[in-house]
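> Got a structure for you, questions after.
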Number of protein chains: 2
Amino acid sequence: MEVARRLGVAPSTVSRAFNTPRLLRPETVERVRATAAEMGYAPNQHARALITGRSGAIGLVIPDITNPFFPPLIRTAQREAERRGLGVFVVETNGDVVREEQLVQRLVPQVEGLVLASSRLPDARLRDLAAHIRTVLVNRDVAGIGRVLTSSREALVEGVRRMHAAGARDFCYVGGPLLSWSEGERRDAMRAMERELGLRVRYLGVESGTYADARGLASDIGPETRAVVAFDDIVAHGVLDGLTSRGVRVPQEVLLLGCDDALPIETHPRLSTIRLHIERGTASALDMLVDPDVRDERLVVEGTLELRETT
Amino acid sequence: MEVARRLGVAPSTVSRAFNTPRLLRPETVERVRATAAEMGYAPNQHARALITGRSGAIGLVIPDITNPFFPPLIRTAQREAERRGLGVFVVETNGDVVREEQLVQRLVPQVEGLVLASSRLPDARLRDLAAHIRTVLVNRDVAGIGRVLTSSREALVEGVRRMHAAGARDFCYVGGPLLSWSEGERRDAMRAMERELGLRVRYLGVESGTYADARGLASDIGPETRAVVAFDDIVAHGVLDGLTSRGVRVPQEVLLLGCDDALPIETHPRLSTIRLHIERGTASALDMLVDPDVRDERLVVEGTLELRETT
């Protein structure tokens with residue numbers, strides 16, 4: 001309290017500088033810790049252990065474990081939980097809202113907290129859940145709940161600007177699962193660029209998100225298209241394969257931008273994509289989960305544009 | 001018991017025909033079920049529920065969640081556990097034996113059973129564990145413990161025979177993590193073919209199993225090499241990239257065979273590989289875990305050769 005008073009910050013800020021520093025700006029962490037050290041202050045470890053020692057587990061809900069975006073999220077959640085003496089129950093919903101509801105109902109009595117990644121549950125249901133059990137969302141933006149968003153918006157805007165600067169006017173956006181927040185964010189960013197730059201954008205979608213479906217859909221991409229933005233790298237590679245098999249050369253005739261940068265191998269040509277910082281986002285989500293001060297907090301982790309050979 | 005007597009099989013075989021049919025030959029299942037139906041026999045559901053209703057969880061230990069071989073295993077383990085009312089704690093060891101021991105010690109008091117995939121623990125430690133808690137191994141062959149092996153042996157032998165028939169005499173085997181059972185099996189199969197066909201085989205290894213390390217190691221593959229067998233598809237693609245960047249053409253100058261067939265995207269040229277039936281293997285592992293009759297059982301699920309464009 002004295003540290004907080006001396007610095008003119010909230011007591012929770014001081015607590016966070018020790019327990020969940022990722023939720024503060026680095027300068028703030030530095031300033032609080034330095035002042036605390038000067039004043040001989042030692043952090044109270046009880047706040048950190050708040051969640052520990054009860055059922056000893058949290059539930060992690062993801063849509064699709066075979067999508068390479070999610071394993072690094074699971075890994076980070078497990079390591080961060082372990083650091084706090086907690087186990088992790090991982091469940092997979094297949095992106096199906098009914099299955100997600102069933103699995104969440106089964107998890108709730110067994111766990112002390114939930115991390116829901118790319119949840120498809122309705123906003124009202126999520127708020128209701130969060131009122132009964134500590135809940136943090138990853139890549140779902142519902143006011144009133146702690147949430148971390150690994151955003152592609154700024155990088156996508158920068159990528160589209162560069163493709164526009166290279167002469168592309170006719171775009172195609174090939175989206176993924178309609179109910180995912182990421183899909184909404186990417187579509188919205190494309191719409192904003194469409195208006196701002198006067199692009200012509202065709203919107204297609206691969207609800208399944210699979211390579212094979214994306215490959216099949218590539219035949220709907222018309223000959224006027226000069227640039228394709230894909231929901232993720234799997235969709236991008238399916239589109240690339242579909243285009244190439246029709247004799248369309250990437251990047252000579254069509255520029256291509258993916259998203260996620262999570263594939264375990266490189267491909268040829270090397271895909272230009274958006275790297276999402278999912279490890280950082282997940283670590284912050286675990287911080288929020290154990291931080292009693294977090295009720296309604298929104299943390300955006302911006303992705304970065306990785307320009308390689310397809311743009 | 002009457003069904004067993006009539007058919008001249010063990011009572012446990014009858015129980016399995018209803019509870020864990022994957023552990024029997026399909027003909028046996030058919031025969032038992034038909035006889036039981038004739039005799040008006042209904043299976044006792046208690047055996048099935050043996051494990052249920054206690055801590056309600058099993059522990060699943062894997063080395064590396066970002067290796068695409070493991071997510072389908074996790075998915076199947078979760079679905080099969082769920083069917084029996086059990087949750088799954090997934091933990092990742094990084095292929096490190098010390099970390100595996102720590103995680104297993106932490107899991108044991110929390111779970112009713114363990115599935116250890118590609119375990120690196122010593123045989124004696126695994127037997128000791130299995131004496132204290134129901135334990136099933138996947139891709140580790142220790143007598144005295146229930147174990148499922150997703151084998152590449154027959155398919156690898158067939159693949160090498162075909163490459164030999166196509167004229168290849170100088171081979172290179174690029175292995176993966178030395179302590180993994182799969183690596184041992186593949187190296188042994190290569191040695192057997194070396195002797196049988198009089199091949200010249202050079203043995204290299206990528207302990208990390210990463211794409212980048214495999215790519216780097218490709219420069220050690222000499223110009224005499226006419227065929228490369230790789231530990232898995234990630235190593236194969238790293239090698240492919242390394243060879244291609246040196247101007248070596250695959251398959252014109254060097255034939256290449258991978259293993260696992262678990263990548264989420266296709267690549268060009270499409271990789272010849274061995275499909276391992278990990279879902280089937282994992283489902284059988286869960287069957288073994290809940291089957292009180294399983295103490296020392298060894299089930300081999302053979303992979304199948306998928307010939308594409310690199311051989």
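FYI, nothing fancy with the structure tokens labels: chains A, B, ... in order, residues from 1 per chain, ligands from 1 as they appear.
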Counting only C-alpha atoms, a student should be able to say which residues of chain B come within 8 Å of chain A; what is the right answer, written as a PDB file with N, CA and C atoms, in the first residue's frame?

```pdb
ATOM      1  N   ILE B  65       4.122 -31.487 -28.427  1.00  0.00           N
ATOM      2  CA  ILE B  65       2.775 -31.249 -28.959  1.00  0.00           C
ATOM      3  C   ILE B  65       2.803 -30.563 -30.320  1.00  0.00           C
ATOM      4  N   THR B  66       3.918 -29.906 -30.672  1.00  0.00           N
ATOM      5  CA  THR B  66       3.942 -29.222 -31.968  1.00  0.00           C
ATOM      6  C   THR B  66       4.367 -30.155 -33.096  1.00  0.00           C
ATOM      7  N   ASN B  67       4.759 -31.399 -32.763  1.00  0.00           N
ATOM      8  CA  ASN B  67       5.003 -32.386 -33.807  1.00  0.00           C
ATOM      9  C   ASN B  67       3.646 -32.919 -34.252  1.00  0.00           C
ATOM     10  N   PRO B  68       3.307 -32.784 -35.555  1.00  0.00           N
ATOM     11  CA  PRO B  68       1.937 -33.112 -35.990  1.00  0.00           C
ATOM     12  C   PRO B  68       1.554 -34.570 -35.810  1.00  0.00           C
ATOM     13  N   PRO B  71      -0.969 -34.452 -32.153  1.00  0.00           N
ATOM     14  CA  PRO B  71      -2.348 -33.980 -31.976  1.00  0.00           C
ATOM     15  C   PRO B  71      -3.434 -35.018 -32.296  1.00  0.00           C
ATOM     16  N   PRO B  72      -3.310 -35.829 -33.362  1.00  0.00           N
ATOM     17  CA  PRO B  72      -4.358 -36.838 -33.565  1.00  0.00           C
ATOM     18  C   PRO B  72      -4.400 -37.869 -32.436  1.00  0.00           C
ATOM     19  N   ARG B  75      -6.241 -36.100 -29.619  1.00  0.00           N
ATOM     20  CA  ARG B  75      -7.661 -36.030 -29.949  1.00  0.00           C
ATOM     21  C   ARG B  75      -8.343 -37.373 -29.678  1.00  0.00           C
ATOM     22  N   GLN B  78      -8.577 -38.170 -26.005  1.00  0.00           N
ATOM     23  CA  GLN B  78      -9.614 -37.377 -25.357  1.00  0.00           C
ATOM     24  C   GLN B  78     -11.006 -37.921 -25.661  1.00  0.00           C
ATOM     25  N   GLY B  87     -11.790 -37.314 -17.926  1.00  0.00           N
ATOM     26  CA  GLY B  87     -11.041 -36.204 -18.503  1.00  0.00           C
ATOM     27  C   GLY B  87      -9.602 -36.621 -18.771  1.00  0.00           C
ATOM     28  N   VAL B  88      -8.898 -35.801 -19.512  1.00  0.00           N
ATOM     29  CA  VAL B  88      -7.497 -36.106 -19.835  1.00  0.00           C
ATOM     30  C   VAL B  88      -6.605 -34.933 -19.444  1.00  0.00           C
ATOM     31  N   PHE B  89      -5.581 -35.206 -18.624  1.00  0.00           N
ATOM     32  CA  PHE B  89      -4.516 -34.233 -18.397  1.00  0.00           C
ATOM     33  C   PHE B  89      -3.425 -34.502 -19.415  1.00  0.00           C
ATOM     34  N   VAL B  90      -3.156 -33.527 -20.271  1.00  0.00           N
ATOM     35  CA  VAL B  90      -2.091 -33.684 -21.252  1.00  0.00           C
ATOM     36  C   VAL B  90      -0.850 -32.979 -20.741  1.00  0.00           C
ATOM     37  N   VAL B  91       0.277 -33.663 -20.716  1.00  0.00           N
ATOM     38  CA  VAL B  91       1.523 -32.986 -20.376  1.00  0.00           C
ATOM     39  C   VAL B  91       2.588 -33.311 -21.418  1.00  0.00           C
ATOM     40  N   GLU B  92       3.484 -32.372 -21.595  1.00  0.00           N
ATOM     41  CA  GLU B  92       4.487 -32.447 -22.652  1.00  0.00           C
ATOM     42  C   GLU B  92       5.870 -32.423 -22.012  1.00  0.00           C
ATOM     43  N   TYR B 211      12.763 -29.093 -38.539  1.00  0.00           N
ATOM     44  CA  TYR B 211      12.950 -28.810 -39.954  1.00  0.00           C
ATOM     45  C   TYR B 211      14.294 -28.118 -40.195  1.00  0.00           C
ATOM     46  N   ILE B 234       8.722 -34.223 -41.222  1.00  0.00           N
ATOM     47  CA  ILE B 234       9.355 -32.924 -40.973  1.00  0.00           C
ATOM     48  C   ILE B 234      10.837 -33.009 -41.341  1.00  0.00           C
ATOM     49  N   HIS B 237      11.195 -33.202 -45.105  1.00  0.00           N
ATOM     50  CA  HIS B 237      11.063 -31.922 -45.806  1.00  0.00           C
ATOM     51  C   HIS B 237      12.264 -31.023 -45.569  1.00  0.00           C
ATOM     52  N   GLY B 238      12.845 -31.089 -44.377  1.00  0.00           N
ATOM     53  CA  GLY B 238      14.072 -30.341 -44.140  1.00  0.00           C
ATOM     54  C   GLY B 238      15.181 -30.821 -45.061  1.00  0.00           C
ATOM     55  N   PRO B 264      -0.443 -31.009 -42.016  1.00  0.00           N
ATOM     56  CA  PRO B 264      -1.765 -30.477 -42.364  1.00  0.00           C
ATOM     57  C   PRO B 264      -1.872 -29.973 -43.805  1.00  0.00           C
ATOM     58  N   ILE B 265      -0.755 -29.912 -44.511  1.00  0.00           N
ATOM     59  CA  ILE B 265      -0.796 -29.434 -45.903  1.00  0.00           C
ATOM     60  C   ILE B 265      -0.047 -30.418 -46.796  1.00  0.00           C
ATOM     61  N   GLU B 266      -0.346 -30.359 -48.102  1.00  0.00           N
ATOM     62  CA  GLU B 266       0.452 -31.104 -49.070  1.00  0.00           C
ATOM     63  C   GLU B 266       1.659 -30.265 -49.456  1.00  0.00           C
ATOM     64  N   THR B 267       2.663 -30.931 -50.007  1.00  0.00           N
ATOM     65  CA  THR B 267       3.846 -30.191 -50.426  1.00  0.00           C
ATOM     66  C   THR B 267       4.201 -30.629 -51.836  1.00  0.00           C
ATOM     67  N   HIS B 268       5.118 -29.903 -52.452  1.00  0.00           N
ATOM     68  CA  HIS B 268       5.476 -30.186 -53.843  1.00  0.00           C
ATOM     69  C   HIS B 268       6.972 -30.346 -53.960  1.00  0.00           C
TER      70      HIS B 268
END
```
> Would you pick out the contacts of Thr225 (chain A) at 9 Å or less, using only C-alpha atoms, so that residues sharing its chain but fewer than 4 positions from it are not included, and give the list as a list in words?
Ala168, Arg169, Asp170, Phe171, Cys172, Val201, Arg202, Ile221, Glu253 and Val254 of chain A
> Go ahead and write the selection's residues with all heavy atoms as a CSV table (one decimal), in the first residue's frame.

```
chain,number,residue,atom,x,y,z
A,168,ALA,N,-1.9,-4.2,-57.2
A,168,ALA,CA,-3.1,-5.0,-57.1
A,168,ALA,C,-4.3,-4.2,-56.7
A,168,ALA,O,-4.3,-3.4,-55.8
A,168,ALA,CB,-2.9,-6.1,-56.0
A,169,ARG,N,-5.4,-4.4,-57.5
A,169,ARG,CA,-6.7,-3.7,-57.3
A,169,ARG,C,-7.8,-4.7,-57.0
A,169,ARG,O,-8.7,-4.5,-56.2
A,169,ARG,CB,-7.1,-2.8,-58.4
A,169,ARG,CG,-6.1,-1.7,-58.7
A,169,ARG,CD,-6.0,-0.7,-57.6
A,169,ARG,NE,-5.0,0.4,-57.8
A,169,ARG,CZ,-3.8,0.3,-57.4
A,169,ARG,NH1,-3.3,-0.8,-56.8
A,169,ARG,NH2,-2.9,1.3,-57.7
A,170,ASP,N,-7.7,-5.9,-57.7
A,170,ASP,CA,-8.7,-6.9,-57.5
A,170,ASP,C,-8.2,-8.0,-56.5
A,170,ASP,O,-7.3,-8.7,-56.8
A,170,ASP,CB,-9.0,-7.6,-58.8
A,170,ASP,CG,-9.9,-6.7,-59.7
A,170,ASP,OD1,-11.1,-6.6,-59.5
A,170,ASP,OD2,-9.3,-5.9,-60.5
A,171,PHE,N,-8.9,-8.0,-55.4
A,171,PHE,CA,-8.5,-8.9,-54.3
A,171,PHE,C,-9.5,-10.0,-54.1
A,171,PHE,O,-10.7,-9.9,-54.5
A,171,PHE,CB,-8.4,-8.2,-53.0
A,171,PHE,CG,-7.1,-7.4,-52.8
A,171,PHE,CD1,-6.8,-6.3,-53.6
A,171,PHE,CD2,-6.2,-7.8,-51.8
A,171,PHE,CE1,-5.6,-5.7,-53.4
A,171,PHE,CE2,-5.0,-7.1,-51.6
A,171,PHE,CZ,-4.7,-6.0,-52.4
A,172,CYS,N,-9.1,-11.1,-53.5
A,172,CYS,CA,-10.0,-12.1,-53.0
A,172,CYS,C,-9.6,-12.4,-51.6
A,172,CYS,O,-8.4,-12.6,-51.3
A,172,CYS,CB,-9.9,-13.4,-53.9
A,172,CYS,SG,-11.1,-14.6,-53.5
A,201,VAL,N,-13.0,-6.4,-53.8
A,201,VAL,CA,-12.7,-7.6,-53.0
A,201,VAL,C,-13.8,-8.6,-53.2
A,201,VAL,O,-15.0,-8.3,-53.0
A,201,VAL,CB,-12.5,-7.3,-51.5
A,201,VAL,CG1,-12.1,-8.5,-50.8
A,201,VAL,CG2,-11.4,-6.2,-51.3
A,202,ARG,N,-13.5,-9.8,-53.5
A,202,ARG,CA,-14.4,-10.9,-53.6
A,202,ARG,C,-14.2,-11.7,-52.3
A,202,ARG,O,-13.1,-12.0,-51.9
A,202,ARG,CB,-14.1,-11.8,-54.8
A,202,ARG,CG,-15.3,-12.6,-55.1
A,202,ARG,CD,-15.4,-13.0,-56.6
A,202,ARG,NE,-16.3,-14.1,-56.5
A,202,ARG,CZ,-16.0,-15.3,-57.0
A,202,ARG,NH1,-14.9,-15.5,-57.6
A,202,ARG,NH2,-16.9,-16.3,-56.8
A,221,ILE,N,-11.8,-18.7,-57.8
A,221,ILE,CA,-11.0,-17.4,-57.8
A,221,ILE,C,-10.9,-17.0,-59.3
A,221,ILE,O,-10.2,-17.7,-60.1
A,221,ILE,CB,-9.7,-17.5,-57.1
A,221,ILE,CG1,-9.9,-17.9,-55.6
A,221,ILE,CG2,-8.8,-16.3,-57.3
A,221,ILE,CD1,-8.7,-18.2,-54.8
A,253,GLU,N,1.6,-13.8,-61.0
A,253,GLU,CA,0.3,-13.4,-61.5
A,253,GLU,C,-0.6,-13.0,-60.4
A,253,GLU,O,-1.5,-12.2,-60.5
A,253,GLU,CB,-0.3,-14.5,-62.4
A,253,GLU,CG,0.5,-14.8,-63.6
A,253,GLU,CD,0.0,-16.0,-64.4
A,253,GLU,OE1,-1.1,-16.0,-65.0
A,253,GLU,OE2,0.7,-17.1,-64.2
A,254,VAL,N,-0.5,-13.8,-59.2
A,254,VAL,CA,-1.3,-13.5,-58.1
A,254,VAL,C,-0.4,-13.5,-56.8
A,254,VAL,O,0.4,-14.3,-56.6
A,254,VAL,CB,-2.4,-14.6,-57.9
A,254,VAL,CG1,-3.1,-14.5,-56.6
A,254,VAL,CG2,-3.4,-14.6,-59.1
```
> Can you list, as number ranges by chain, all residues belonging to region 69-200 of chain A that DSSP tags as alpha helix (DSSP H)?
A: 70-83, 97-107, 123-132, 153-165, 181-197
> Write to file, as a short mmCIF file (atom, residue, chain, number, x, y, z; two decimals), in the first residue's frame, the residues of the selection just made, with C-alpha atoms.

```cif
data_model
loop_
_atom_site.label_atom_id
_atom_site.label_comp_id
_atom_site.auth_asym_id
_atom_site.auth_seq_id
_atom_site.Cartn_x
_atom_site.Cartn_y
_atom_site.Cartn_z
CA PHE A 70 -3.35 -24.46 -31.24
CA PRO A 71 -0.49 -26.73 -30.08
CA PRO A 72 1.73 -23.77 -29.09
CA LEU A 73 -1.25 -22.36 -27.19
CA ILE A 74 -1.73 -25.67 -25.37
CA ARG A 75 1.98 -25.90 -24.63
CA THR A 76 2.11 -22.42 -23.14
CA ALA A 77 -1.07 -22.92 -21.12
CA GLN A 78 0.36 -26.14 -19.71
CA ARG A 79 3.72 -24.60 -18.79
CA GLU A 80 2.14 -21.53 -17.21
CA ALA A 81 -0.36 -23.66 -15.28
CA GLU A 82 2.39 -26.01 -14.14
CA ARG A 83 4.39 -23.07 -12.81
CA VAL A 97 -21.20 -24.94 -30.37
CA VAL A 98 -23.34 -27.82 -29.02
CA ARG A 99 -20.28 -29.92 -28.30
CA GLU A 100 -18.55 -26.93 -26.70
CA GLU A 101 -21.52 -26.42 -24.34
CA GLN A 102 -21.48 -30.11 -23.37
CA LEU A 103 -17.76 -30.13 -22.72
CA VAL A 104 -17.87 -26.91 -20.71
CA GLN A 105 -20.68 -28.32 -18.54
CA ARG A 106 -18.59 -31.39 -17.90
CA LEU A 107 -15.47 -29.34 -17.11
CA ASP A 123 -21.93 -13.79 -25.67
CA ALA A 124 -24.67 -14.15 -23.04
CA ARG A 125 -23.64 -17.71 -22.23
CA LEU A 126 -20.01 -16.66 -21.86
CA ARG A 127 -20.97 -13.85 -19.45
CA ASP A 128 -23.07 -16.29 -17.45
CA LEU A 129 -20.15 -18.73 -17.28
CA ALA A 130 -17.73 -16.00 -16.24
CA ALA A 131 -20.11 -15.05 -13.38
CA HIS A 132 -19.84 -18.58 -11.97
CA ARG A 153 -5.48 -6.47 -38.03
CA GLU A 154 -2.49 -4.11 -38.23
CA ALA A 155 -0.31 -6.61 -40.06
CA LEU A 156 -3.11 -7.47 -42.48
CA VAL A 157 -3.69 -3.78 -43.22
CA GLU A 158 0.03 -3.30 -43.83
CA GLY A 159 0.14 -6.37 -46.09
CA VAL A 160 -2.83 -5.21 -48.16
CA ARG A 161 -1.31 -1.71 -48.50
CA ARG A 162 1.88 -3.25 -49.85
CA MET A 163 0.03 -5.43 -52.35
CA HIS A 164 -1.97 -2.34 -53.41
CA ALA A 165 1.25 -0.35 -53.78
CA TRP A 181 -13.56 -14.07 -33.90
CA SER A 182 -10.39 -14.19 -36.00
CA GLU A 183 -12.43 -14.65 -39.16
CA GLY A 184 -14.62 -11.65 -38.24
CA GLU A 185 -11.57 -9.51 -37.52
CA ARG A 186 -9.86 -10.40 -40.79
CA ARG A 187 -13.02 -9.90 -42.88
CA ASP A 188 -13.62 -6.52 -41.21
CA ALA A 189 -10.04 -5.44 -41.88
CA MET A 190 -10.47 -6.39 -45.55
CA ARG A 191 -13.74 -4.40 -45.71
CA ALA A 192 -12.02 -1.38 -44.21
CA MET A 193 -9.22 -1.58 -46.79
CA GLU A 194 -11.75 -2.12 -49.58
CA ARG A 195 -13.37 1.23 -48.71
CA GLU A 196 -10.18 3.11 -47.96
CA LEU A 197 -8.19 2.07 -51.03
#
```
> Name the closest residue to Asp220 (chain A) among the candidates A:Arg120, A:Arg246, A:Arg270, A:Arg200; distances are taken between atoms, counting only C-alpha atoms.
A:Arg246
> Just the strand (DSSP E or B) stuff from region 58-295 of chain B, please, per backbone DSSP, written as a short mmCIF file (atom, residue, chain, number, x, y, z; two decimals) with C-alpha atoms, in the first residue's frame.

```cif
data_model
loop_
_atom_site.label_atom_id
_atom_site.label_comp_id
_atom_site.auth_asym_id
_atom_site.auth_seq_id
_atom_site.Cartn_x
_atom_site.Cartn_y
_atom_site.Cartn_z
CA ILE B 58 -6.22 -40.05 -16.93
CA GLY B 59 -2.83 -38.56 -17.66
CA LEU B 60 -1.46 -38.44 -21.20
CA VAL B 61 2.27 -37.83 -21.52
CA ILE B 62 3.74 -36.85 -24.89
CA GLY B 87 -11.04 -36.20 -18.50
CA VAL B 88 -7.50 -36.11 -19.84
CA PHE B 89 -4.52 -34.23 -18.40
CA VAL B 90 -2.09 -33.68 -21.25
CA VAL B 91 1.52 -32.99 -20.38
CA GLU B 92 4.49 -32.45 -22.65
CA GLY B 113 -4.30 -44.24 -15.27
CA LEU B 114 -1.43 -43.13 -17.49
CA VAL B 115 -0.91 -43.29 -21.22
CA LEU B 116 2.75 -42.63 -21.97
CA ALA B 117 3.49 -41.88 -25.62
CA ARG B 134 -2.69 -48.59 -14.59
CA THR B 135 -0.25 -47.72 -17.35
CA VAL B 136 -0.28 -48.22 -21.10
CA LEU B 137 2.58 -47.33 -23.40
CA VAL B 138 2.29 -46.06 -26.97
CA GLY B 146 0.23 -53.04 -21.95
CA ARG B 147 1.62 -51.38 -25.07
CA VAL B 148 0.58 -50.33 -28.53
CA LEU B 149 3.17 -49.89 -31.26
CA THR B 150 2.36 -47.95 -34.39
CA SER B 151 4.95 -49.67 -36.50
CA ASP B 170 23.64 -46.04 -51.74
CA PHE B 171 21.19 -45.00 -49.05
CA CYS B 172 21.19 -42.47 -46.27
CA TYR B 173 19.01 -42.87 -43.20
CA VAL B 174 18.36 -39.56 -41.42
CA GLY B 175 17.10 -40.44 -37.97
CA ARG B 200 25.45 -49.17 -48.50
CA VAL B 201 23.72 -47.10 -45.82
CA ARG B 202 25.00 -43.99 -44.13
CA TYR B 203 23.36 -43.14 -40.78
CA LEU B 204 22.84 -39.51 -39.85
CA GLY B 205 20.60 -38.10 -37.12
CA ALA B 227 17.94 -42.69 -51.71
CA VAL B 228 17.13 -41.06 -48.37
CA VAL B 229 14.86 -42.53 -45.71
CA ALA B 230 13.90 -39.94 -43.10
CA LEU B 255 14.66 -40.74 -53.94
CA LEU B 256 13.10 -39.66 -50.62
CA LEU B 257 10.79 -41.48 -48.20
CA ASP B 260 3.97 -40.28 -40.33
CA SER B 272 6.18 -40.47 -50.41
CA THR B 273 5.70 -41.52 -46.82
CA ILE B 274 4.44 -44.13 -44.37
CA ARG B 275 1.00 -43.57 -42.92
#
```
> Figure out the distance between CA of Glu279 (chain A) and CA of Gly303 (chain A), please, to one decimal in Å.
11.7 Å
